[in-house]
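Note: the block below is model.cif and it holds mmCIF, C-alpha atoms and all ligand atoms.
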```cif
data_run
loop_
_atom_site.label_atom_id
_atom_site.label_comp_id
_atom_site.auth_asym_id
_atom_site.auth_seq_id
_atom_site.Cartn_x
_atom_site.Cartn_y
_atom_site.Cartn_z
CA MET A 1 29.96 68.65 -118.30
CA GLN A 2 31.10 65.75 -120.49
CA GLY A 3 32.04 67.49 -123.77
CA SER A 4 32.50 66.00 -127.21
CA TYR A 5 36.26 65.96 -126.71
CA TYR A 6 35.86 63.39 -123.96
CA GLN A 7 33.11 61.45 -125.60
CA ARG A 8 35.48 60.63 -128.47
CA CYS A 9 38.61 59.61 -126.61
CA ARG A 10 39.61 58.01 -123.34
CA ARG A 11 43.19 59.31 -123.31
CA PRO A 12 43.72 62.83 -124.60
CA TRP A 13 47.20 62.08 -125.88
CA THR A 14 45.65 59.89 -128.58
CA LEU A 15 44.30 63.06 -130.19
CA PRO A 16 47.27 64.15 -132.29
CA PHE A 17 46.96 60.85 -134.16
CA LEU A 18 43.29 61.38 -134.72
CA GLY A 19 43.95 64.88 -136.01
CA GLU A 20 40.78 66.22 -134.41
CA GLU A 21 40.37 68.79 -131.63
CA PRO A 22 43.56 70.02 -129.93
CA MET A 23 44.44 69.14 -126.34
CA PRO A 24 43.17 71.70 -123.82
CA GLU A 25 45.64 74.55 -123.31
CA TYR A 26 46.32 73.91 -119.65
CA ALA A 27 49.25 76.34 -119.75
CA GLN A 28 46.76 79.15 -120.48
CA LEU A 29 44.74 78.23 -117.42
CA LYS A 30 47.88 77.90 -115.30
CA ALA A 31 48.90 81.45 -116.19
CA ARG A 32 45.56 82.72 -114.81
CA LEU A 33 45.89 80.98 -111.42
CA LYS A 34 47.36 82.08 -108.12
CA GLY A 35 47.62 78.41 -107.17
CA GLY A 36 49.37 75.65 -109.12
CA LEU A 37 48.45 73.30 -111.95
CA LEU A 38 50.04 69.89 -112.49
CA THR A 39 49.44 67.90 -115.66
CA ASP A 40 49.34 64.11 -115.85
CA GLU A 41 49.55 64.02 -112.06
CA PRO A 42 49.22 60.54 -110.45
CA LEU A 43 46.22 60.68 -108.13
CA SER A 44 47.78 57.92 -106.04
CA ARG A 45 49.72 60.85 -104.53
CA HIS A 46 46.48 62.51 -103.45
CA THR A 47 44.39 59.67 -102.01
CA SER A 48 44.71 57.95 -98.63
CA PHE A 49 44.51 54.57 -100.45
CA ARG A 50 47.66 55.56 -102.41
CA ILE A 51 45.80 54.27 -105.48
CA GLY A 52 44.63 56.08 -108.62
CA GLY A 53 45.72 56.77 -112.18
CA PRO A 54 46.68 60.23 -113.49
CA ALA A 55 44.60 63.39 -113.63
CA ASP A 56 44.93 65.26 -116.92
CA ALA A 57 45.23 68.44 -114.84
CA LEU A 58 45.23 68.83 -111.07
CA VAL A 59 44.59 72.42 -109.95
CA LEU A 60 45.52 73.66 -106.49
CA ALA A 61 42.93 76.46 -106.25
CA GLU A 62 43.89 79.10 -103.67
CA THR A 63 41.26 81.79 -104.25
CA LEU A 64 37.70 82.19 -105.44
CA GLU A 65 39.13 83.74 -108.62
CA ASP A 66 41.12 80.54 -109.22
CA LEU A 67 37.93 78.52 -108.90
CA LYS A 68 36.01 80.77 -111.26
CA ALA A 69 38.83 80.59 -113.80
CA CYS A 70 38.67 76.78 -113.63
CA LEU A 71 34.89 76.73 -114.06
CA ASP A 72 35.12 79.07 -117.07
CA PHE A 73 37.93 77.04 -118.62
CA ALA A 74 36.06 73.75 -118.10
CA GLN A 75 32.95 75.27 -119.69
CA GLU A 76 34.85 76.73 -122.66
CA GLN A 77 36.67 73.50 -123.36
CA GLY A 78 33.82 71.11 -122.50
CA LEU A 79 35.86 69.42 -119.80
CA PRO A 80 34.62 67.46 -116.82
CA LEU A 81 35.52 68.92 -113.42
CA PHE A 82 35.92 67.04 -110.14
CA ILE A 83 36.66 68.21 -106.58
CA LEU A 84 39.21 66.04 -104.86
CA ALA A 85 39.61 67.06 -101.24
CA ALA A 86 41.91 64.94 -99.07
CA GLY A 87 40.91 61.83 -101.03
CA THR A 88 40.19 59.81 -97.87
CA ASN A 89 36.88 58.41 -99.06
CA LEU A 90 37.80 57.79 -102.67
CA LEU A 91 38.87 54.92 -104.86
CA VAL A 92 40.20 56.42 -108.10
CA ARG A 93 40.27 53.89 -110.93
CA ASP A 94 43.56 52.98 -112.61
CA GLY A 95 42.86 55.01 -115.77
CA GLY A 96 42.71 58.20 -113.70
CA MET A 97 40.50 61.22 -114.37
CA ARG A 98 39.98 63.33 -117.45
CA GLY A 99 39.57 67.07 -117.41
CA LEU A 100 40.18 69.21 -114.31
CA VAL A 101 40.59 67.85 -110.80
CA LEU A 102 40.43 70.65 -108.20
CA LYS A 103 41.84 70.83 -104.70
CA LEU A 104 40.83 73.67 -102.36
CA GLU A 105 43.91 75.26 -100.79
CA GLY A 106 44.92 78.75 -99.59
CA ASP A 107 41.87 80.90 -98.72
CA PHE A 108 39.70 77.79 -98.49
CA LYS A 109 41.50 76.58 -95.37
CA SER A 110 40.54 79.53 -93.15
CA MET A 111 38.91 79.15 -89.70
CA ALA A 112 37.37 82.10 -87.84
CA PHE A 113 35.92 81.58 -84.35
CA ASP A 114 33.33 84.04 -83.04
CA GLY A 115 31.91 82.98 -79.68
CA ARG A 116 30.27 79.60 -80.13
CA ARG A 117 30.21 79.97 -83.92
CA VAL A 118 32.95 79.20 -86.39
CA ARG A 119 33.09 79.97 -90.11
CA CYS A 120 35.41 77.47 -91.71
CA GLY A 121 36.67 77.05 -95.26
CA ALA A 122 35.80 73.79 -97.02
CA GLY A 123 39.49 72.95 -97.53
CA ALA A 124 40.30 73.07 -93.80
CA ASN A 125 41.40 69.88 -92.11
CA LEU A 126 38.47 68.46 -90.13
CA ALA A 127 40.58 67.01 -87.29
CA LEU A 128 42.38 70.35 -86.92
CA LEU A 129 39.02 72.15 -86.72
CA SER A 130 37.92 69.68 -84.03
CA ARG A 131 41.16 70.27 -82.10
CA ARG A 132 40.86 74.09 -82.36
CA ALA A 133 37.26 73.90 -81.13
CA GLY A 134 38.41 71.79 -78.17
CA GLU A 135 41.16 74.30 -77.36
CA ALA A 136 38.47 77.00 -77.26
CA SER A 137 36.40 74.80 -74.85
CA LEU A 138 33.71 74.37 -77.49
CA SER A 139 31.91 71.04 -77.60
CA GLY A 140 30.21 69.35 -80.57
CA LEU A 141 33.13 68.28 -82.76
CA GLU A 142 34.84 65.77 -80.45
CA PHE A 143 33.56 62.94 -82.66
CA ALA A 144 35.54 64.31 -85.63
CA ILE A 145 38.98 64.32 -84.03
CA GLY A 146 40.01 61.07 -85.76
CA ILE A 147 38.17 61.48 -89.07
CA PRO A 148 40.71 62.25 -91.78
CA GLY A 149 39.93 64.69 -94.58
CA THR A 150 38.57 68.19 -95.02
CA LEU A 151 35.46 69.95 -93.78
CA GLY A 152 34.14 70.08 -97.39
CA GLY A 153 34.57 66.34 -97.97
CA GLY A 154 33.09 65.72 -94.51
CA LEU A 155 30.00 67.79 -95.34
CA VAL A 156 29.47 66.05 -98.67
CA MET A 157 29.70 62.68 -96.88
CA ASN A 158 28.00 63.88 -93.68
CA ALA A 159 30.97 62.33 -91.89
CA GLY A 160 30.30 60.92 -88.47
CA ALA A 161 31.56 58.68 -85.69
CA HIS A 162 30.99 57.89 -82.01
CA GLY A 163 27.32 58.91 -82.28
CA GLY A 164 27.99 62.35 -83.82
CA GLU A 165 27.83 63.65 -87.38
CA LEU A 166 28.55 66.97 -89.08
CA SER A 167 24.92 67.70 -89.98
CA ARG A 168 24.20 68.26 -86.26
CA VAL A 169 26.55 71.23 -85.91
CA VAL A 170 26.35 72.88 -89.34
CA ARG A 171 24.01 75.83 -89.67
CA ARG A 172 24.81 77.44 -93.04
CA LEU A 173 26.82 76.67 -96.15
CA GLY A 174 28.43 78.87 -98.78
CA THR A 175 28.32 77.22 -102.19
CA LEU A 176 29.10 77.72 -105.84
CA GLU A 177 26.34 76.13 -107.88
CA ARG A 178 25.90 76.50 -111.64
CA GLY A 179 28.37 79.37 -111.56
CA GLU A 180 26.41 81.26 -108.83
CA LEU A 181 27.62 82.00 -105.30
CA ARG A 182 24.91 80.96 -102.84
CA GLU A 183 24.31 80.71 -99.12
CA CYS A 184 21.99 77.97 -97.97
CA PRO A 185 20.71 76.91 -94.57
CA ALA A 186 21.84 73.44 -93.45
CA GLU A 187 18.27 72.14 -93.91
CA GLU A 188 18.76 72.57 -97.68
CA ALA A 189 21.93 70.47 -97.78
CA GLY A 190 19.94 67.22 -97.94
CA PHE A 191 22.00 65.45 -95.26
CA THR A 192 21.47 61.70 -94.94
CA TYR A 193 23.51 58.85 -93.45
CA ARG A 194 26.92 59.36 -95.11
CA GLY A 195 25.55 61.64 -97.77
CA SER A 196 24.16 65.02 -98.81
CA ARG A 197 22.78 66.51 -101.99
CA PHE A 198 26.35 67.53 -102.94
CA LYS A 199 27.45 63.91 -103.23
CA GLY A 200 26.61 63.60 -106.92
CA GLY A 201 28.83 66.57 -107.78
CA SER A 202 25.94 69.08 -107.95
CA GLY A 203 27.81 72.10 -106.67
CA LEU A 204 30.82 73.08 -104.71
CA ILE A 205 30.93 73.79 -100.98
CA LEU A 206 33.14 76.80 -100.21
CA TRP A 207 32.62 77.30 -96.48
CA ALA A 208 30.30 76.45 -93.62
CA ASP A 209 29.09 78.08 -90.40
CA LEU A 210 29.11 75.67 -87.47
CA GLU A 211 27.49 76.26 -84.09
CA LEU A 212 29.10 74.62 -81.07
CA VAL A 213 28.28 74.54 -77.37
CA PRO A 214 30.49 75.98 -74.62
CA GLY A 215 31.77 73.08 -72.53
CA ASP A 216 34.33 72.01 -69.97
CA TYR A 217 37.85 71.94 -71.43
CA GLU A 218 38.95 68.77 -69.58
CA THR A 219 35.78 66.85 -70.47
CA ILE A 220 36.17 67.74 -74.16
CA GLN A 221 39.84 66.65 -74.17
CA ALA A 222 38.91 63.37 -72.45
CA ARG A 223 36.21 62.65 -75.06
CA MET A 224 38.71 63.29 -77.87
CA LYS A 225 41.32 61.03 -76.30
CA GLU A 226 38.76 58.28 -75.91
CA ALA A 227 37.71 58.62 -79.56
CA LEU A 228 41.32 58.44 -80.76
CA ASP A 229 42.20 55.48 -78.51
CA GLN A 230 39.18 53.56 -79.74
CA ARG A 231 40.23 54.16 -83.36
CA ARG A 232 43.86 53.19 -82.82
CA GLY A 233 42.82 49.86 -81.36
CA SER A 234 40.31 48.93 -84.03
CA GLN A 235 41.46 50.38 -87.37
CA PRO A 236 44.40 49.41 -89.60
CA LEU A 237 45.90 52.90 -89.56
CA ALA A 238 49.45 51.83 -90.46
CA LEU A 239 48.46 50.84 -94.01
CA PRO A 240 46.92 53.01 -96.76
CA ASN A 241 43.12 52.66 -96.85
CA ALA A 242 39.96 54.70 -97.47
CA GLY A 243 38.11 54.04 -94.23
CA CYS A 244 34.98 51.89 -94.22
CA VAL A 245 34.34 50.45 -97.65
CA PHE A 246 30.65 49.68 -97.14
CA LYS A 247 27.88 51.51 -95.28
CA ASN A 248 26.40 49.80 -92.26
CA PRO A 249 23.07 48.28 -93.31
CA PRO A 250 20.15 49.36 -91.07
CA GLY A 251 20.58 47.78 -87.62
CA ALA A 252 23.75 45.86 -88.57
CA SER A 253 27.50 46.28 -88.82
CA ALA A 254 28.99 45.75 -92.29
CA GLY A 255 32.32 44.80 -90.66
CA ARG A 256 30.70 42.09 -88.53
CA LEU A 257 28.81 40.63 -91.51
CA ILE A 258 32.02 40.48 -93.57
CA GLU A 259 33.94 38.92 -90.68
CA GLU A 260 31.21 36.31 -90.12
CA CYS A 261 31.56 35.30 -93.77
CA GLY A 262 35.22 34.48 -93.05
CA LEU A 263 36.55 37.13 -95.41
CA LYS A 264 39.19 38.79 -93.21
CA GLY A 265 42.60 38.44 -94.87
CA LEU A 266 41.13 37.79 -98.35
CA ARG A 267 43.65 39.10 -100.86
CA ARG A 268 43.74 40.26 -104.45
CA GLY A 269 46.97 41.69 -105.84
CA GLY A 270 48.23 44.21 -103.29
CA ALA A 271 44.82 44.69 -101.66
CA THR A 272 43.61 42.79 -98.59
CA VAL A 273 40.46 42.73 -96.45
CA SER A 274 41.96 43.98 -93.17
CA THR A 275 42.49 41.34 -90.49
CA LEU A 276 41.88 44.05 -87.87
CA HIS A 277 38.61 45.53 -89.20
CA ALA A 278 36.78 43.59 -91.90
CA ASN A 279 35.10 46.69 -93.37
CA PHE A 280 38.51 48.13 -94.29
CA ILE A 281 40.50 47.13 -97.38
CA VAL A 282 44.18 47.95 -97.05
CA ASN A 283 46.83 48.57 -99.68
CA GLU A 284 49.71 46.35 -98.67
CA GLY A 285 51.88 47.74 -101.47
CA GLY A 286 51.29 48.27 -105.16
CA ALA A 287 47.53 47.63 -104.99
CA ARG A 288 45.56 48.76 -108.02
CA ALA A 289 42.00 50.00 -108.10
CA SER A 290 41.10 46.85 -110.05
CA ASP A 291 42.37 44.73 -107.12
CA VAL A 292 40.20 46.66 -104.66
CA LEU A 293 37.15 46.56 -106.96
CA GLY A 294 37.63 42.79 -107.38
CA LEU A 295 37.72 42.31 -103.59
CA MET A 296 34.67 44.53 -103.11
CA GLN A 297 32.76 42.41 -105.62
CA VAL A 298 33.65 39.15 -103.84
CA VAL A 299 32.71 40.62 -100.44
CA ARG A 300 29.38 41.94 -101.75
CA GLU A 301 28.50 38.59 -103.36
CA ARG A 302 29.46 36.49 -100.30
CA VAL A 303 27.58 38.69 -97.84
CA LYS A 304 24.51 38.61 -100.10
CA LYS A 305 24.69 34.84 -100.45
CA GLU A 306 25.42 33.96 -96.82
CA LYS A 307 23.60 36.75 -94.98
CA GLY A 308 20.98 37.89 -97.51
CA VAL A 309 22.21 41.49 -97.11
CA SER A 310 23.10 43.81 -100.01
CA LEU A 311 26.04 45.98 -99.02
CA GLU A 312 26.15 49.52 -100.36
CA ASN A 313 29.44 51.31 -101.04
CA GLU A 314 30.53 54.00 -98.59
CA VAL A 315 33.76 54.62 -100.49
CA LEU A 316 33.18 56.60 -103.71
CA VAL A 317 34.55 54.99 -106.86
CA VAL A 318 35.55 57.58 -109.49
CA GLY A 319 37.64 57.87 -112.65
CA MET A 320 38.18 55.58 -115.61
CA ASP A 321 39.29 52.01 -116.04
CA GLU A 322 42.66 51.57 -117.67
C1 LIG B 1 41.45 55.78 -91.66
C2 LIG B 1 40.13 56.38 -92.06
C3 LIG B 1 39.12 56.49 -91.12
C4 LIG B 1 37.88 57.06 -91.48
N1 LIG B 1 36.93 57.17 -90.53
C5 LIG B 1 35.73 57.74 -90.84
C6 LIG B 1 34.71 57.89 -89.83
O1 LIG B 1 34.88 57.55 -88.69
N2 LIG B 1 33.55 58.46 -90.21
C7 LIG B 1 33.30 58.89 -91.50
O2 LIG B 1 32.23 59.41 -91.78
N3 LIG B 1 34.27 58.75 -92.47
C8 LIG B 1 35.46 58.19 -92.17
N4 LIG B 1 36.42 58.04 -93.13
C9 LIG B 1 36.12 58.43 -94.53
C10 LIG B 1 36.56 59.87 -94.88
O3 LIG B 1 37.56 60.29 -94.02
C11 LIG B 1 35.39 60.86 -94.79
O4 LIG B 1 34.35 60.51 -95.67
C12 LIG B 1 35.86 62.28 -95.10
O5 LIG B 1 34.88 63.18 -94.63
C13 LIG B 1 36.15 62.53 -96.57
O6 LIG B 1 36.76 63.82 -96.68
P1 LIG B 1 37.81 64.18 -97.80
O7 LIG B 1 38.16 65.60 -97.59
O8 LIG B 1 38.92 63.22 -97.83
O9 LIG B 1 36.89 64.03 -99.10
P2 LIG B 1 37.24 63.26 -100.46
O10 LIG B 1 37.35 61.80 -100.17
O11 LIG B 1 38.36 63.89 -101.17
O12 LIG B 1 35.90 63.54 -101.28
C14 LIG B 1 34.67 62.95 -100.91
C15 LIG B 1 33.58 63.48 -101.85
O13 LIG B 1 33.32 64.84 -101.53
C16 LIG B 1 33.45 65.66 -102.70
N5 LIG B 1 33.96 66.94 -102.22
C17 LIG B 1 35.02 67.13 -101.40
N6 LIG B 1 35.14 68.44 -101.08
C18 LIG B 1 34.12 69.08 -101.72
C19 LIG B 1 33.69 70.43 -101.78
N7 LIG B 1 34.31 71.40 -101.13
N8 LIG B 1 32.59 70.72 -102.52
C20 LIG B 1 31.93 69.76 -103.18
N9 LIG B 1 32.30 68.46 -103.18
C21 LIG B 1 33.38 68.13 -102.45
C22 LIG B 1 34.39 64.89 -103.61
O14 LIG B 1 34.20 65.25 -104.95
C23 LIG B 1 33.95 63.46 -103.32
O15 LIG B 1 32.81 63.19 -104.07
C24 LIG B 1 37.67 57.50 -92.80
C25 LIG B 1 38.69 57.38 -93.75
C26 LIG B 1 39.92 56.84 -93.38
C27 LIG B 1 41.01 56.76 -94.39
#
```
I need this file expressed as structure tokens, please.
Ligand SMILES: Cc1cc2nc3c(=O)[nH]c(=O)nc-3n(C[C@H](O)[C@H](O)[C@H](O)COP(=O)(O)OP(=O)(O)OC[C@H]3O[C@@H](n4cnc5c(N)ncnc54)[C@H](O)[C@@H]3O)c2cc1C
Amino acid sequence: MQGSYYQRCRRPWTLPFLGEEPMPEYAQLKARLKGGLLTDEPLSRHTSFRIGGPADALVLAETLEDLKACLDFAQEQGLPLFILAAGTNLLVRDGGMRGLVLKLEGDFKSMAFDGRRVRCGAGANLALLSRRAGEASLSGLEFAIGIPGTLGGGLVMNAGAHGGELSRVVRRLGTLERGELRECPAEEAGFTYRGSRFKGGSGLILWADLELVPGDYETIQARMKEALDQRRGSQPLALPNAGCVFKNPPGASAGRLIEECGLKGLRRGGATVSTLHANFIVNEGGARASDVLGLMQVVRERVKKEKGVSLENEVLVVGMDE
């Protein structure tokens, strides 16, 4: 979707001086939306890392019509389009993002339980869905109680913890792909360890059908409590972060490898390798994406040199350098 407008300039406000194409008429799009549109919006306000430069336009899409209007506008204007959910697995670079950044709000947060099945909007909070399922004595989502973010982001990442992952309970997805509304069985979602075929931005997840198993209320609550307690004791939850930075290599723990290389506490600018969990980088105040990227580079090189293991990113790095 990268149009000529964006191939020629990194910052749209340089255009008036170039005297070429005009800036996109975001006000026209805003007038067509039920939801809101914010221009030059700092994405640090929308990521759990509290890091990220500005989006040219951040759209809070509330209805399918809002989404379609955004897709049409992006196509007409040759703008890139990116879905930002809760931003809990993202590192947005300091230059921010060009074009349209979409958040799914309103209708996309719905949850409808029907027996052991639930149809849930992609914008719904995953932990809330897990809690609601537990309240209905439905088992299968206890693992997700402490995973921040939305169902949509969780599906794209195939989020998992405590031996569970979303791919095991999802049966069907509603998507918008190349402008077409589709329904696809979970087998066509291409789920892998912390990934799916939607990870590269090839389509938008609108909703999913999940199938859970009737269980004992008290047992489900106990499992959730255990999952939360375990997290509180082992993750630096008081400081902004984006969860695990690197994927666990097959048969190993990325956190343990980083710790064994003596990298806990390593600092660059406002970013530090957590002293509590070495696979977390925390923003201790004023960290920039460049600080985090610098730390990630050092960690990757040291683990490769000392352990012979190439670490792969779990956190998704998006946007432009400043
Ligand atoms: C403290 C902490 C603990 C964490 N613990 C875990 C854990 O235990 N297990 C785990 O797996 N993860 C964990 N994470 C990482 C993160 O929470 C998950 O990856 C989460 O599922 C991301 O959801 P999100 O809504 O924030 O997605 P975002 O980070 O906003 O987006 C992730 C990707 O999905 C895309 N996307 C989002 N919604 C849609 C949609 N509807 N359609 C198409 N594309 C979409 C985005 O474009 C982006 O590429 C943790 C993070 C934090 C901060």
*asked:* Just checking: using only C-alpha atoms, which residue out of A:Ala74, A:Ser234, A:Ala86, A:Gly203 ends up closest to Ser48 (chain A)?
replied: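 With only C-alpha atoms as the atom set, the closest residue is A:Ala86.
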Centre, x/y/z edge lengths, axis-aligned box for ligand LIG 1 (chain B) with 4 Å per side, as AutoDock Vina command-line options:
```
--center_x 36.7 --center_y 63.6 --center_z -96.8 --size_x 17.5 --size_y 23.6 --size_z 24.3
```
*Nearby residues (only C-alpha atoms) at most 7 Å from region 101-113 of chain A, same-chain spacing under 2 positions excluded, as a list in words*: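 Selected residues are Ala55, Ala57, Leu58, Val59, Leu60, Ala61, Glu62, Thr63, Leu81, Phe82, Ile83, Leu84, Ala85, Gly99, Gly115, Arg117, Val118, Arg119, Cys120, Gly121, Ala122, Gly123, Ala124 and Leu206 of chain A.
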*Any idea what's packed within 9 Å of Tyr217 (chain A), counting all atoms listed in the file, ignoring anything in its chain fewer than 5 positions away? Could you give it as a PyMOL selection string?*
chain A and resi 134-139+222
*How far is it from CA of Leu38 (chain A) to CA of Asp56 (chain A), in Å with one decimal?*
8.2 Å
_Long-range neighbours of Leu43 (chain A) as a list in words, 9 Å cut-off, only C-alpha atoms, 5 positions minimum in chain_ = Arg50, Ile51, Gly52, Gly53, Pro54, Ala55, Leu58, Gly87, Val92, Gly96 and Met97 of chain A
*Option closest in space to ligand LIG 1 (chain B), from A:Tyr26, A:Phe246, A:Phe49, A:Phe73 [counting only C-alpha atoms and all ligand atoms]*: A:Phe49
*Name the closest residue to Gln230 (chain A) among the candidates A:His162, A:Asn125, A:Glu306, A:Glu25; distances are taken between atoms, counting only C-alpha atoms.*
A:His162
_I need the residue nearest Gly265 (chain A) from this list: A:Ala252, A:Ala227, A:Ala238, A:Leu295. Use all atoms listed in the file for the distance._
A:Leu295
*Counting only C-alpha atoms, what is within 9 Å of Asn283 (chain A), bar same-chain residues fewer than 5 positions away, as a ChimeraX atom specification?*
/A:49-51,239-241,270-272,288,292
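Of the residues listed (A:Leu100, A:Ala208, A:Met157, A:Met224), A:Met224 shows the shortest atom-to-atom separation from Arg132 (chain A); distances use all atoms listed in the file.
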*Go through A:Ala242, A:Ala278, A:Val156, A:Leu128 one by one, measure the shortest atom-to-atom distance of each to Arg197 (chain A) using all atoms listed in the file, and give the residue with the smallest value.*
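Of all the options, A:Val156 lies closest to Arg197 (chain A).
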*If we count all atoms listed in the file, what is near Val315 (chain A) at a cut-off of 10 Å, once residues fewer than 3 positions away on the same chain are taken out, given as a PyMOL selection string?*
chain A and resi 88-91+157+194+242-247+312+318
Just to be explicit: take each residue in the selection above, keep C-alpha atoms, and write the result as a PDB file, keeping the file's coordinate frame.
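Listing of selection_23.pdb after writing:
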```pdb
ATOM      1  CA  THR A  88      40.190  59.810 -97.870  1.00  0.00           C
ATOM      2  CA  ASN A  89      36.880  58.410 -99.060  1.00  0.00           C
ATOM      3  CA  LEU A  90      37.800  57.790-102.670  1.00  0.00           C
ATOM      4  CA  LEU A  91      38.870  54.920-104.860  1.00  0.00           C
ATOM      5  CA  MET A 157      29.700  62.680 -96.880  1.00  0.00           C
ATOM      6  CA  ARG A 194      26.920  59.360 -95.110  1.00  0.00           C
ATOM      7  CA  ALA A 242      39.960  54.700 -97.470  1.00  0.00           C
ATOM      8  CA  GLY A 243      38.110  54.040 -94.230  1.00  0.00           C
ATOM      9  CA  CYS A 244      34.980  51.890 -94.220  1.00  0.00           C
ATOM     10  CA  VAL A 245      34.340  50.450 -97.650  1.00  0.00           C
ATOM     11  CA  PHE A 246      30.650  49.680 -97.140  1.00  0.00           C
ATOM     12  CA  LYS A 247      27.880  51.510 -95.280  1.00  0.00           C
ATOM     13  CA  GLU A 312      26.150  49.520-100.360  1.00  0.00           C
ATOM     14  CA  VAL A 318      35.550  57.580-109.490  1.00  0.00           C
TER      15      VAL A 318
END
```
*Which distance in Å separates atom N1 of ligand LIG 1 (chain B) and CA of Gly294 (chain A), to one decimal?*
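If I compute the distance from atom N1 of ligand LIG 1 (chain B) to CA of Gly294 (chain A), I get 22.2 Å.
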